[in-house]
Amino acid sequence: MTTATVDKIKLPEEHKHKKVIYSPHPGPQTEFHARSEDVVLYGGGKGSGKSLALLFEATRQIENKSYKALILRRTFPRLQELIDRAKQMFPSLGGRWEGQEHRFRFPSGSTITFGHCEHEDSKYNYQGHEFSFLGPDQLEEFSETQFQFLFAQVRTSDPTIKCYIRATANPGGVGHWWIKRRFIQG
């Protein structure tokens with residue numbers, strides 16, 4: 001990221017007349033968007049806006065045709081909530097839902113794909129894919145080996161795109177200890 005703060009998500013030129021659809025709350029949401037590290041975890045209790053912040057963080061580079069984002073949850077039923085939210089908001093950014101592919105395509109050609117890793121081996125569904133943004137929601141539901149494998153898929157051949165990971169997590173879950181070790185204890 002090149003800016004220190006985010007006041008609102010930038011709309012493509014043809015959508016400038018539409019209302020602002022997202023403005024981060026002061027505090028954790030704003031801080032989440034302002035971070036410049038390659039990997040950032042937004043943790044906290046339920047209902048604090050983490051998933052919404054993750055959805056809109058994924059839109060940061062949609063004006064670049066080579067941009068490919070992947071938002072994940074552990075299971076497809078849990079993912080459906082994020083897809084439903086995105087279907088309400090992403091069309092205002094020019095996003096068009098491609099249901100068969102579980103993704104939004106934006107006017108530039110960029111995509112935000114929604115996926116899941118229900119089983120340990122599900123991570124291999126993403127092998128060889130190139131994503132410039134990885135957004136696991138509720139990271140505590142993922143195993144450490146799933147995260148490590150998906151981490152390796154974050155890359156691009158386009159030097160104009162920043163590759164990075166933004167994750168959200170609640171306390172507890174199967175990943176609690178590895179997340180604590182990696183993100184809190186350092």
# chains A, B, ... in the order shown; residues from 1 in each chain; ligands from 1

$ residues_around --residues "A:Phe133" --least-positions-apart "6" --cutoff "12 Å" --atoms "only C-alpha atoms" --output "PDB file with all heavy atoms, in the first residue's frame"
ATOM      1  N   MET A   1       0.834  -1.175   0.000  1.00  0.00           N
ATOM      2  CA  MET A   1       0.000   0.000   0.000  1.00  0.00           C
ATOM      3  C   MET A   1       0.875   1.232   0.000  1.00  0.00           C
ATOM      4  O   MET A   1       1.907   1.244   0.624  1.00  0.00           O
ATOM      5  CB  MET A   1      -0.870   0.013   1.244  1.00  0.00           C
ATOM      6  CG  MET A   1      -2.097  -0.818   1.121  1.00  0.00           C
ATOM      7  SD  MET A   1      -3.025  -0.771   2.624  1.00  0.00           S
ATOM      8  CE  MET A   1      -2.549  -2.360   3.250  1.00  0.00           C
ATOM      9  N   ASP A  38       3.720  -7.099   4.362  1.00  0.00           N
ATOM     10  CA  ASP A  38       3.260  -8.079   3.380  1.00  0.00           C
ATOM     11  C   ASP A  38       2.165  -8.992   3.928  1.00  0.00           C
ATOM     12  O   ASP A  38       1.300  -9.447   3.187  1.00  0.00           O
ATOM     13  CB  ASP A  38       4.424  -8.947   2.889  1.00  0.00           C
ATOM     14  CG  ASP A  38       5.409  -8.159   2.046  1.00  0.00           C
ATOM     15  OD1 ASP A  38       5.039  -7.096   1.509  1.00  0.00           O
ATOM     16  OD2 ASP A  38       6.557  -8.610   1.922  1.00  0.00           O
ATOM     17  N   VAL A  39       2.213  -9.280   5.222  1.00  0.00           N
ATOM     18  CA  VAL A  39       1.231 -10.152   5.855  1.00  0.00           C
ATOM     19  C   VAL A  39       0.696  -9.459   7.101  1.00  0.00           C
ATOM     20  O   VAL A  39       1.462  -9.066   7.974  1.00  0.00           O
ATOM     21  CB  VAL A  39       1.846 -11.518   6.247  1.00  0.00           C
ATOM     22  CG1 VAL A  39       0.800 -12.424   6.872  1.00  0.00           C
ATOM     23  CG2 VAL A  39       2.484 -12.192   5.041  1.00  0.00           C
ATOM     24  N   VAL A  40      -0.643  -9.316   7.155  1.00  0.00           N
ATOM     25  CA  VAL A  40      -1.278  -8.660   8.308  1.00  0.00           C
ATOM     26  C   VAL A  40      -2.471  -9.498   8.748  1.00  0.00           C
ATOM     27  O   VAL A  40      -3.266  -9.944   7.918  1.00  0.00           O
ATOM     28  CB  VAL A  40      -1.745  -7.230   7.951  1.00  0.00           C
ATOM     29  CG1 VAL A  40      -2.546  -6.606   9.087  1.00  0.00           C
ATOM     30  CG2 VAL A  40      -0.554  -6.346   7.602  1.00  0.00           C
ATOM     31  N   LEU A  54     -11.950  -7.092   5.086  1.00  0.00           N
ATOM     32  CA  LEU A  54     -11.209  -7.996   4.205  1.00  0.00           C
ATOM     33  C   LEU A  54     -11.753  -7.939   2.780  1.00  0.00           C
ATOM     34  O   LEU A  54     -10.982  -7.868   1.811  1.00  0.00           O
ATOM     35  CB  LEU A  54     -11.276  -9.425   4.745  1.00  0.00           C
ATOM     36  CG  LEU A  54     -10.484 -10.465   3.967  1.00  0.00           C
ATOM     37  CD1 LEU A  54      -8.980 -10.222   4.118  1.00  0.00           C
ATOM     38  CD2 LEU A  54     -10.845 -11.859   4.450  1.00  0.00           C
ATOM     39  N   LEU A  55     -13.077  -7.970   2.646  1.00  0.00           N
ATOM     40  CA  LEU A  55     -13.684  -7.879   1.310  1.00  0.00           C
ATOM     41  C   LEU A  55     -13.219  -6.632   0.574  1.00  0.00           C
ATOM     42  O   LEU A  55     -12.840  -6.688  -0.601  1.00  0.00           O
ATOM     43  CB  LEU A  55     -15.206  -7.847   1.412  1.00  0.00           C
ATOM     44  CG  LEU A  55     -15.943  -9.159   1.563  1.00  0.00           C
ATOM     45  CD1 LEU A  55     -17.427  -8.907   1.749  1.00  0.00           C
ATOM     46  CD2 LEU A  55     -15.706 -10.058   0.368  1.00  0.00           C
ATOM     47  N   PHE A  56     -13.239  -5.504   1.257  1.00  0.00           N
ATOM     48  CA  PHE A  56     -12.878  -4.263   0.573  1.00  0.00           C
ATOM     49  C   PHE A  56     -11.381  -4.083   0.420  1.00  0.00           C
ATOM     50  O   PHE A  56     -10.938  -3.421  -0.518  1.00  0.00           O
ATOM     51  CB  PHE A  56     -13.564  -3.063   1.227  1.00  0.00           C
ATOM     52  CG  PHE A  56     -14.977  -2.954   0.744  1.00  0.00           C
ATOM     53  CD1 PHE A  56     -16.017  -3.475   1.479  1.00  0.00           C
ATOM     54  CD2 PHE A  56     -15.255  -2.404  -0.496  1.00  0.00           C
ATOM     55  CE1 PHE A  56     -17.317  -3.434   1.011  1.00  0.00           C
ATOM     56  CE2 PHE A  56     -16.545  -2.356  -0.985  1.00  0.00           C
ATOM     57  CZ  PHE A  56     -17.589  -2.873  -0.226  1.00  0.00           C
ATOM     58  N   GLU A  57     -10.593  -4.686   1.288  1.00  0.00           N
ATOM     59  CA  GLU A  57      -9.143  -4.658   1.076  1.00  0.00           C
ATOM     60  C   GLU A  57      -8.806  -5.374  -0.232  1.00  0.00           C
ATOM     61  O   GLU A  57      -7.899  -4.970  -0.951  1.00  0.00           O
ATOM     62  CB  GLU A  57      -8.409  -5.300   2.249  1.00  0.00           C
ATOM     63  CG  GLU A  57      -6.899  -5.222   2.137  1.00  0.00           C
ATOM     64  CD  GLU A  57      -6.355  -3.803   2.108  1.00  0.00           C
ATOM     65  OE1 GLU A  57      -6.926  -2.913   2.764  1.00  0.00           O
ATOM     66  OE2 GLU A  57      -5.342  -3.576   1.415  1.00  0.00           O
ATOM     67  N   ALA A  58      -9.567  -6.408  -0.540  1.00  0.00           N
ATOM     68  CA  ALA A  58      -9.333  -7.164  -1.777  1.00  0.00           C
ATOM     69  C   ALA A  58      -9.596  -6.335  -3.024  1.00  0.00           C
ATOM     70  O   ALA A  58      -9.115  -6.670  -4.107  1.00  0.00           O
ATOM     71  CB  ALA A  58     -10.203  -8.422  -1.798  1.00  0.00           C
ATOM     72  N   THR A  59     -10.325  -5.229  -2.907  1.00  0.00           N
ATOM     73  CA  THR A  59     -10.627  -4.388  -4.078  1.00  0.00           C
ATOM     74  C   THR A  59      -9.561  -3.331  -4.359  1.00  0.00           C
ATOM     75  O   THR A  59      -9.662  -2.600  -5.335  1.00  0.00           O
ATOM     76  CB  THR A  59     -11.987  -3.665  -3.916  1.00  0.00           C
ATOM     77  OG1 THR A  59     -11.908  -2.700  -2.861  1.00  0.00           O
ATOM     78  CG2 THR A  59     -13.110  -4.648  -3.645  1.00  0.00           C
ATOM     79  N   ARG A  60      -8.552  -3.242  -3.540  1.00  0.00           N
ATOM     80  CA  ARG A  60      -7.579  -2.146  -3.614  1.00  0.00           C
ATOM     81  C   ARG A  60      -6.923  -2.004  -4.995  1.00  0.00           C
ATOM     82  O   ARG A  60      -6.639  -0.896  -5.431  1.00  0.00           O
ATOM     83  CB  ARG A  60      -6.501  -2.329  -2.560  1.00  0.00           C
ATOM     84  CG  ARG A  60      -5.577  -1.132  -2.469  1.00  0.00           C
ATOM     85  CD  ARG A  60      -4.611  -1.259  -1.330  1.00  0.00           C
ATOM     86  NE  ARG A  60      -5.246  -1.189  -0.031  1.00  0.00           N
ATOM     87  CZ  ARG A  60      -5.489  -0.058   0.616  1.00  0.00           C
ATOM     88  NH1 ARG A  60      -5.187   1.088   0.093  1.00  0.00           N
ATOM     89  NH2 ARG A  60      -6.060  -0.093   1.807  1.00  0.00           N
ATOM     90  N   GLN A  61      -6.682  -3.090  -5.699  1.00  0.00           N
ATOM     91  CA  GLN A  61      -5.952  -3.009  -6.976  1.00  0.00           C
ATOM     92  C   GLN A  61      -6.796  -3.460  -8.176  1.00  0.00           C
ATOM     93  O   GLN A  61      -6.245  -3.846  -9.211  1.00  0.00           O
ATOM     94  CB  GLN A  61      -4.677  -3.865  -6.890  1.00  0.00           C
ATOM     95  CG  GLN A  61      -3.703  -3.383  -5.820  1.00  0.00           C
ATOM     96  CD  GLN A  61      -2.460  -4.228  -5.764  1.00  0.00           C
ATOM     97  OE1 GLN A  61      -1.520  -4.008  -6.542  1.00  0.00           O
ATOM     98  NE2 GLN A  61      -2.430  -5.203  -4.867  1.00  0.00           N
ATOM     99  N   ILE A  62      -8.111  -3.369  -8.072  1.00  0.00           N
ATOM    100  CA  ILE A  62      -8.979  -3.883  -9.146  1.00  0.00           C
ATOM    101  C   ILE A  62      -8.865  -3.101 -10.448  1.00  0.00           C
ATOM    102  O   ILE A  62      -9.336  -3.569 -11.481  1.00  0.00           O
ATOM    103  CB  ILE A  62     -10.463  -3.971  -8.716  1.00  0.00           C
ATOM    104  CG1 ILE A  62     -11.008  -2.600  -8.314  1.00  0.00           C
ATOM    105  CG2 ILE A  62     -10.643  -5.021  -7.628  1.00  0.00           C
ATOM    106  CD1 ILE A  62     -12.510  -2.565  -8.079  1.00  0.00           C
ATOM    107  N   SER A  66      -4.135  -7.181 -14.417  1.00  0.00           N
ATOM    108  CA  SER A  66      -3.442  -8.413 -14.032  1.00  0.00           C
ATOM    109  C   SER A  66      -3.713  -8.830 -12.589  1.00  0.00           C
ATOM    110  O   SER A  66      -3.252  -9.880 -12.152  1.00  0.00           O
ATOM    111  CB  SER A  66      -1.931  -8.229 -14.207  1.00  0.00           C
ATOM    112  OG  SER A  66      -1.623  -7.929 -15.550  1.00  0.00           O
ATOM    113  N   TYR A  67      -4.451  -8.030 -11.868  1.00  0.00           N
ATOM    114  CA  TYR A  67      -4.698  -8.299 -10.445  1.00  0.00           C
ATOM    115  C   TYR A  67      -5.632  -9.489 -10.261  1.00  0.00           C
ATOM    116  O   TYR A  67      -6.696  -9.565 -10.877  1.00  0.00           O
ATOM    117  CB  TYR A  67      -5.295  -7.054  -9.789  1.00  0.00           C
ATOM    118  CG  TYR A  67      -5.660  -7.207  -8.338  1.00  0.00           C
ATOM    119  CD1 TYR A  67      -4.682  -7.347  -7.363  1.00  0.00           C
ATOM    120  CD2 TYR A  67      -6.991  -7.198  -7.947  1.00  0.00           C
ATOM    121  CE1 TYR A  67      -5.023  -7.473  -6.028  1.00  0.00           C
ATOM    122  CE2 TYR A  67      -7.342  -7.317  -6.612  1.00  0.00           C
ATOM    123  CZ  TYR A  67      -6.356  -7.458  -5.663  1.00  0.00           C
ATOM    124  OH  TYR A  67      -6.701  -7.573  -4.343  1.00  0.00           O
ATOM    125  N   LYS A  68      -5.226 -10.419  -9.381  1.00  0.00           N
ATOM    126  CA  LYS A  68      -6.036 -11.591  -9.056  1.00  0.00           C
ATOM    127  C   LYS A  68      -6.028 -11.774  -7.548  1.00  0.00           C
ATOM    128  O   LYS A  68      -4.969 -11.979  -6.954  1.00  0.00           O
ATOM    129  CB  LYS A  68      -5.469 -12.845  -9.722  1.00  0.00           C
ATOM    130  CG  LYS A  68      -5.543 -12.825 -11.220  1.00  0.00           C
ATOM    131  CD  LYS A  68      -4.908 -14.075 -11.804  1.00  0.00           C
ATOM    132  CE  LYS A  68      -4.835 -13.951 -13.309  1.00  0.00           C
ATOM    133  NZ  LYS A  68      -4.024 -15.010 -13.880  1.00  0.00           N
ATOM    134  N   ALA A  69      -7.211 -11.705  -6.952  1.00  0.00           N
ATOM    135  CA  ALA A  69      -7.344 -11.887  -5.511  1.00  0.00           C
ATOM    136  C   ALA A  69      -8.061 -13.190  -5.223  1.00  0.00           C
ATOM    137  O   ALA A  69      -8.895 -13.642  -6.013  1.00  0.00           O
ATOM    138  CB  ALA A  69      -8.119 -10.717  -4.907  1.00  0.00           C
ATOM    139  N   LEU A  70      -7.758 -13.767  -4.063  1.00  0.00           N
ATOM    140  CA  LEU A  70      -8.424 -14.978  -3.597  1.00  0.00           C
ATOM    141  C   LEU A  70      -8.849 -14.760  -2.156  1.00  0.00           C
ATOM    142  O   LEU A  70      -8.012 -14.477  -1.292  1.00  0.00           O
ATOM    143  CB  LEU A  70      -7.489 -16.189  -3.680  1.00  0.00           C
ATOM    144  CG  LEU A  70      -8.028 -17.512  -3.112  1.00  0.00           C
ATOM    145  CD1 LEU A  70      -9.263 -17.982  -3.887  1.00  0.00           C
ATOM    146  CD2 LEU A  70      -6.929 -18.580  -3.138  1.00  0.00           C
ATOM    147  N   ILE A  71     -10.150 -14.864  -1.908  1.00  0.00           N
ATOM    148  CA  ILE A  71     -10.697 -14.785  -0.558  1.00  0.00           C
ATOM    149  C   ILE A  71     -11.163 -16.189  -0.190  1.00  0.00           C
ATOM    150  O   ILE A  71     -11.879 -16.835  -0.958  1.00  0.00           O
ATOM    151  CB  ILE A  71     -11.854 -13.782  -0.477  1.00  0.00           C
ATOM    152  CG1 ILE A  71     -11.325 -12.369  -0.766  1.00  0.00           C
ATOM    153  CG2 ILE A  71     -12.533 -13.847   0.886  1.00  0.00           C
ATOM    154  CD1 ILE A  71     -12.391 -11.300  -0.786  1.00  0.00           C
ATOM    155  N   LEU A  72     -10.748 -16.638   0.983  1.00  0.00           N
ATOM    156  CA  LEU A  72     -11.022 -18.016   1.404  1.00  0.00           C
ATOM    157  C   LEU A  72     -11.730 -18.095   2.744  1.00  0.00           C
ATOM    158  O   LEU A  72     -11.492 -17.268   3.625  1.00  0.00           O
ATOM    159  CB  LEU A  72      -9.704 -18.780   1.562  1.00  0.00           C
ATOM    160  CG  LEU A  72      -8.888 -19.049   0.318  1.00  0.00           C
ATOM    161  CD1 LEU A  72      -7.474 -19.448   0.701  1.00  0.00           C
ATOM    162  CD2 LEU A  72      -9.531 -20.143  -0.500  1.00  0.00           C
ATOM    163  N   SER A 110      -9.511  -7.529 -13.965  1.00  0.00           N
ATOM    164  CA  SER A 110      -9.065  -8.092 -12.688  1.00  0.00           C
ATOM    165  C   SER A 110     -10.163  -8.966 -12.092  1.00  0.00           C
ATOM    166  O   SER A 110     -11.338  -8.832 -12.442  1.00  0.00           O
ATOM    167  CB  SER A 110      -8.686  -6.976 -11.720  1.00  0.00           C
ATOM    168  OG  SER A 110      -9.825  -6.191 -11.398  1.00  0.00           O
ATOM    169  N   THR A 111      -9.765  -9.857 -11.194  1.00  0.00           N
ATOM    170  CA  THR A 111     -10.737 -10.772 -10.591  1.00  0.00           C
ATOM    171  C   THR A 111     -10.547 -10.896  -9.086  1.00  0.00           C
ATOM    172  O   THR A 111      -9.425 -10.773  -8.574  1.00  0.00           O
ATOM    173  CB  THR A 111     -10.644 -12.186 -11.194  1.00  0.00           C
ATOM    174  OG1 THR A 111      -9.327 -12.698 -10.990  1.00  0.00           O
ATOM    175  CG2 THR A 111     -10.991 -12.188 -12.678  1.00  0.00           C
ATOM    176  N   ILE A 112     -11.644 -11.141  -8.410  1.00  0.00           N
ATOM    177  CA  ILE A 112     -11.634 -11.546  -7.004  1.00  0.00           C
ATOM    178  C   ILE A 112     -12.385 -12.868  -6.958  1.00  0.00           C
ATOM    179  O   ILE A 112     -13.578 -12.934  -7.253  1.00  0.00           O
ATOM    180  CB  ILE A 112     -12.291 -10.507  -6.085  1.00  0.00           C
ATOM    181  CG1 ILE A 112     -11.515  -9.189  -6.130  1.00  0.00           C
ATOM    182  CG2 ILE A 112     -12.374 -11.046  -4.644  1.00  0.00           C
ATOM    183  CD1 ILE A 112     -12.130  -8.063  -5.304  1.00  0.00           C
ATOM    184  N   THR A 113     -11.658 -13.930  -6.623  1.00  0.00           N
ATOM    185  CA  THR A 113     -12.198 -15.284  -6.581  1.00  0.00           C
ATOM    186  C   THR A 113     -12.480 -15.679  -5.138  1.00  0.00           C
ATOM    187  O   THR A 113     -11.738 -15.315  -4.230  1.00  0.00           O
ATOM    188  CB  THR A 113     -11.197 -16.271  -7.214  1.00  0.00           C
ATOM    189  OG1 THR A 113     -10.944 -15.871  -8.566  1.00  0.00           O
ATOM    190  CG2 THR A 113     -11.705 -17.700  -7.194  1.00  0.00           C
ATOM    191  N   PHE A 114     -13.552 -16.442  -4.954  1.00  0.00           N
ATOM    192  CA  PHE A 114     -13.917 -16.945  -3.635  1.00  0.00           C
ATOM    193  C   PHE A 114     -13.696 -18.451  -3.622  1.00  0.00           C
ATOM    194  O   PHE A 114     -14.178 -19.161  -4.511  1.00  0.00           O
ATOM    195  CB  PHE A 114     -15.379 -16.623  -3.327  1.00  0.00           C
ATOM    196  CG  PHE A 114     -15.623 -15.160  -3.126  1.00  0.00           C
ATOM    197  CD1 PHE A 114     -15.766 -14.305  -4.205  1.00  0.00           C
ATOM    198  CD2 PHE A 114     -15.687 -14.621  -1.848  1.00  0.00           C
ATOM    199  CE1 PHE A 114     -15.969 -12.949  -4.023  1.00  0.00           C
ATOM    200  CE2 PHE A 114     -15.891 -13.263  -1.651  1.00  0.00           C
ATOM    201  CZ  PHE A 114     -16.035 -12.429  -2.737  1.00  0.00           C
ATOM    202  N   LEU A 150      -0.782 -22.005   0.797  1.00  0.00           N
ATOM    203  CA  LEU A 150      -1.460 -20.901   0.098  1.00  0.00           C
ATOM    204  C   LEU A 150      -0.569 -19.672   0.022  1.00  0.00           C
ATOM    205  O   LEU A 150      -0.580 -18.948  -0.977  1.00  0.00           O
ATOM    206  CB  LEU A 150      -2.779 -20.580   0.796  1.00  0.00           C
ATOM    207  CG  LEU A 150      -3.822 -21.698   0.704  1.00  0.00           C
ATOM    208  CD1 LEU A 150      -4.938 -21.471   1.712  1.00  0.00           C
ATOM    209  CD2 LEU A 150      -4.367 -21.811  -0.710  1.00  0.00           C
ATOM    210  N   PHE A 151       0.213 -19.444   1.054  1.00  0.00           N
ATOM    211  CA  PHE A 151       1.174 -18.335   1.093  1.00  0.00           C
ATOM    212  C   PHE A 151       2.086 -18.400  -0.134  1.00  0.00           C
ATOM    213  O   PHE A 151       2.393 -17.367  -0.747  1.00  0.00           O
ATOM    214  CB  PHE A 151       1.994 -18.457   2.387  1.00  0.00           C
ATOM    215  CG  PHE A 151       2.916 -17.321   2.671  1.00  0.00           C
ATOM    216  CD1 PHE A 151       2.573 -16.377   3.615  1.00  0.00           C
ATOM    217  CD2 PHE A 151       4.142 -17.197   2.034  1.00  0.00           C
ATOM    218  CE1 PHE A 151       3.429 -15.330   3.909  1.00  0.00           C
ATOM    219  CE2 PHE A 151       5.006 -16.157   2.315  1.00  0.00           C
ATOM    220  CZ  PHE A 151       4.651 -15.214   3.259  1.00  0.00           C
ATOM    221  N   ALA A 152       2.496 -19.605  -0.517  1.00  0.00           N
ATOM    222  CA  ALA A 152       3.409 -19.788  -1.651  1.00  0.00           C
ATOM    223  C   ALA A 152       2.752 -19.466  -2.991  1.00  0.00           C
ATOM    224  O   ALA A 152       3.444 -19.283  -3.994  1.00  0.00           O
ATOM    225  CB  ALA A 152       3.949 -21.212  -1.663  1.00  0.00           C
ATOM    226  N   GLN A 153       1.431 -19.359  -3.032  1.00  0.00           N
ATOM    227  CA  GLN A 153       0.736 -19.055  -4.289  1.00  0.00           C
ATOM    228  C   GLN A 153       0.598 -17.539  -4.509  1.00  0.00           C
ATOM    229  O   GLN A 153       0.074 -17.103  -5.529  1.00  0.00           O
ATOM    230  CB  GLN A 153      -0.655 -19.702  -4.311  1.00  0.00           C
ATOM    231  CG  GLN A 153      -0.697 -21.178  -3.941  1.00  0.00           C
ATOM    232  CD  GLN A 153       0.376 -22.028  -4.587  1.00  0.00           C
ATOM    233  OE1 GLN A 153       0.571 -22.016  -5.790  1.00  0.00           O
ATOM    234  NE2 GLN A 153       1.097 -22.784  -3.759  1.00  0.00           N
ATOM    235  N   VAL A 154       1.046 -16.753  -3.547  1.00  0.00           N
ATOM    236  CA  VAL A 154       0.932 -15.298  -3.639  1.00  0.00           C
ATOM    237  C   VAL A 154       2.137 -14.766  -4.392  1.00  0.00           C
ATOM    238  O   VAL A 154       3.243 -14.654  -3.851  1.00  0.00           O
ATOM    239  CB  VAL A 154       0.799 -14.655  -2.238  1.00  0.00           C
ATOM    240  CG1 VAL A 154       0.679 -13.140  -2.348  1.00  0.00           C
ATOM    241  CG2 VAL A 154      -0.411 -15.229  -1.514  1.00  0.00           C
ATOM    242  N   ARG A 155       1.898 -14.457  -5.665  1.00  0.00           N
ATOM    243  CA  ARG A 155       2.979 -13.986  -6.535  1.00  0.00           C
ATOM    244  C   ARG A 155       2.359 -13.430  -7.812  1.00  0.00           C
ATOM    245  O   ARG A 155       1.196 -13.673  -8.113  1.00  0.00           O
ATOM    246  CB  ARG A 155       3.934 -15.129  -6.871  1.00  0.00           C
ATOM    247  CG  ARG A 155       3.264 -16.283  -7.588  1.00  0.00           C
ATOM    248  CD  ARG A 155       4.169 -17.504  -7.629  1.00  0.00           C
ATOM    249  NE  ARG A 155       3.648 -18.557  -8.472  1.00  0.00           N
ATOM    250  CZ  ARG A 155       2.720 -19.422  -8.118  1.00  0.00           C
ATOM    251  NH1 ARG A 155       2.187 -19.361  -6.919  1.00  0.00           N
ATOM    252  NH2 ARG A 155       2.299 -20.348  -8.949  1.00  0.00           N
ATOM    253  N   THR A 156       3.153 -12.681  -8.545  1.00  0.00           N
ATOM    254  CA  THR A 156       2.703 -12.150  -9.829  1.00  0.00           C
ATOM    255  C   THR A 156       3.919 -11.872 -10.700  1.00  0.00           C
ATOM    256  O   THR A 156       5.012 -11.631 -10.191  1.00  0.00           O
ATOM    257  CB  THR A 156       1.864 -10.864  -9.659  1.00  0.00           C
ATOM    258  OG1 THR A 156       1.388 -10.443 -10.944  1.00  0.00           O
ATOM    259  CG2 THR A 156       2.677  -9.735  -9.044  1.00  0.00           C
ATOM    260  N   ILE A 161       1.989  -4.632  -9.612  1.00  0.00           N
ATOM    261  CA  ILE A 161       1.050  -5.132  -8.602  1.00  0.00           C
ATOM    262  C   ILE A 161       1.793  -5.487  -7.322  1.00  0.00           C
ATOM    263  O   ILE A 161       2.822  -6.164  -7.355  1.00  0.00           O
ATOM    264  CB  ILE A 161       0.308  -6.379  -9.124  1.00  0.00           C
ATOM    265  CG1 ILE A 161      -0.574  -6.003 -10.307  1.00  0.00           C
ATOM    266  CG2 ILE A 161      -0.540  -7.008  -8.021  1.00  0.00           C
ATOM    267  CD1 ILE A 161      -1.311  -7.171 -10.922  1.00  0.00           C
ATOM    268  N   LYS A 162       1.260  -5.029  -6.204  1.00  0.00           N
ATOM    269  CA  LYS A 162       1.798  -5.402  -4.896  1.00  0.00           C
ATOM    270  C   LYS A 162       1.165  -6.725  -4.483  1.00  0.00           C
ATOM    271  O   LYS A 162      -0.056  -6.867  -4.506  1.00  0.00           O
ATOM    272  CB  LYS A 162       1.483  -4.343  -3.851  1.00  0.00           C
ATOM    273  CG  LYS A 162       1.908  -4.724  -2.438  1.00  0.00           C
ATOM    274  CD  LYS A 162       1.583  -3.641  -1.436  1.00  0.00           C
ATOM    275  CE  LYS A 162       1.804  -4.045   0.003  1.00  0.00           C
ATOM    276  NZ  LYS A 162       3.073  -4.586   0.355  1.00  0.00           N
ATOM    277  N   CYS A 163       1.972  -7.683  -4.106  1.00  0.00           N
ATOM    278  CA  CYS A 163       1.488  -8.961  -3.595  1.00  0.00           C
ATOM    279  C   CYS A 163       1.471  -8.906  -2.071  1.00  0.00           C
ATOM    280  O   CYS A 163       2.466  -8.512  -1.456  1.00  0.00           O
ATOM    281  CB  CYS A 163       2.399 -10.098  -4.047  1.00  0.00           C
ATOM    282  SG  CYS A 163       2.289 -10.414  -5.806  1.00  0.00           S
ATOM    283  N   TYR A 164       0.348  -9.294  -1.487  1.00  0.00           N
ATOM    284  CA  TYR A 164       0.267  -9.282  -0.036  1.00  0.00           C
ATOM    285  C   TYR A 164      -0.874 -10.143   0.469  1.00  0.00           C
ATOM    286  O   TYR A 164      -1.721 -10.586  -0.305  1.00  0.00           O
ATOM    287  CB  TYR A 164       0.169  -7.857   0.493  1.00  0.00           C
ATOM    288  CG  TYR A 164      -1.073  -7.077   0.123  1.00  0.00           C
ATOM    289  CD1 TYR A 164      -2.018  -6.782   1.093  1.00  0.00           C
ATOM    290  CD2 TYR A 164      -1.280  -6.594  -1.161  1.00  0.00           C
ATOM    291  CE1 TYR A 164      -3.151  -6.031   0.789  1.00  0.00           C
ATOM    292  CE2 TYR A 164      -2.394  -5.845  -1.481  1.00  0.00           C
ATOM    293  CZ  TYR A 164      -3.331  -5.568  -0.496  1.00  0.00           C
ATOM    294  OH  TYR A 164      -4.445  -4.834  -0.805  1.00  0.00           O
ATOM    295  N   ILE A 165      -0.854 -10.388   1.787  1.00  0.00           N
ATOM    296  CA  ILE A 165      -1.845 -11.226   2.455  1.00  0.00           C
ATOM    297  C   ILE A 165      -2.483 -10.427   3.574  1.00  0.00           C
ATOM    298  O   ILE A 165      -1.788  -9.775   4.358  1.00  0.00           O
ATOM    299  CB  ILE A 165      -1.184 -12.496   3.030  1.00  0.00           C
ATOM    300  CG1 ILE A 165      -0.579 -13.336   1.898  1.00  0.00           C
ATOM    301  CG2 ILE A 165      -2.188 -13.308   3.849  1.00  0.00           C
ATOM    302  CD1 ILE A 165       0.301 -14.471   2.386  1.00  0.00           C
ATOM    303  N   ARG A 166      -3.803 -10.515   3.639  1.00  0.00           N
ATOM    304  CA  ARG A 166      -4.563  -9.946   4.751  1.00  0.00           C
ATOM    305  C   ARG A 166      -5.484 -11.047   5.252  1.00  0.00           C
ATOM    306  O   ARG A 166      -6.216 -11.653   4.462  1.00  0.00           O
ATOM    307  CB  ARG A 166      -5.384  -8.730   4.324  1.00  0.00           C
ATOM    308  CG  ARG A 166      -4.545  -7.545   3.880  1.00  0.00           C
ATOM    309  CD  ARG A 166      -3.737  -6.989   5.059  1.00  0.00           C
ATOM    310  NE  ARG A 166      -2.920  -5.854   4.689  1.00  0.00           N
ATOM    311  CZ  ARG A 166      -1.637  -5.921   4.333  1.00  0.00           C
ATOM    312  NH1 ARG A 166      -1.031  -7.095   4.254  1.00  0.00           N
ATOM    313  NH2 ARG A 166      -0.968  -4.834   4.037  1.00  0.00           N
ATOM    314  N   ALA A 167      -5.422 -11.324   6.535  1.00  0.00           N
ATOM    315  CA  ALA A 167      -6.226 -12.391   7.126  1.00  0.00           C
ATOM    316  C   ALA A 167      -7.007 -11.853   8.313  1.00  0.00           C
ATOM    317  O   ALA A 167      -6.618 -10.850   8.917  1.00  0.00           O
ATOM    318  CB  ALA A 167      -5.324 -13.538   7.574  1.00  0.00           C
TER     319      ALA A 167
END

$ select_by_dssp --residues "chain A" --states "strand (DSSP E or B)" --output "PyMOL selection string"
chain A and resi 39-43+68-73+96-98+103-105+111-116+131+133-136+154+164-169

$ atom_distance --atom1 "atom CA of A:Arg181" --atom2 "atom CA of A:Asn125"
26.7 Å

$ closest_residue --among "A:Ser36, A:Ser108, A:Gln185, A:Gln127" --to "A:Gly94" --atoms "only C-alpha atoms"
A:Ser108

$ atom_distance --atom1 "atom CA of A:Gly128" --atom2 "atom CA of A:His33"
28.0 Å

$ residues_around --residues "A:Phe183" --least-positions-apart "2" --cutoff "12 Å" --atoms "only C-alpha atoms" --output "NGL selection string"
:A and (39-43 or 139-140 or 167-169 or 175-181 or 185-186)

$ select_by_dssp --residues "stretch 60-107 of chain A" --states "helix (DSSP H, G or I)" --output "list of chain:residue names"
A:Phe76, A:Pro77, A:Arg78, A:Leu79, A:Gln80, A:Glu81, A:Leu82, A:Ile83, A:Asp84, A:Arg85, A:Ala86, A:Lys87, A:Gln88, A:Met89, A:Phe90, A:Pro91, A:Ser92, A:Leu93, A:Gly99, A:Gln100, A:Glu101
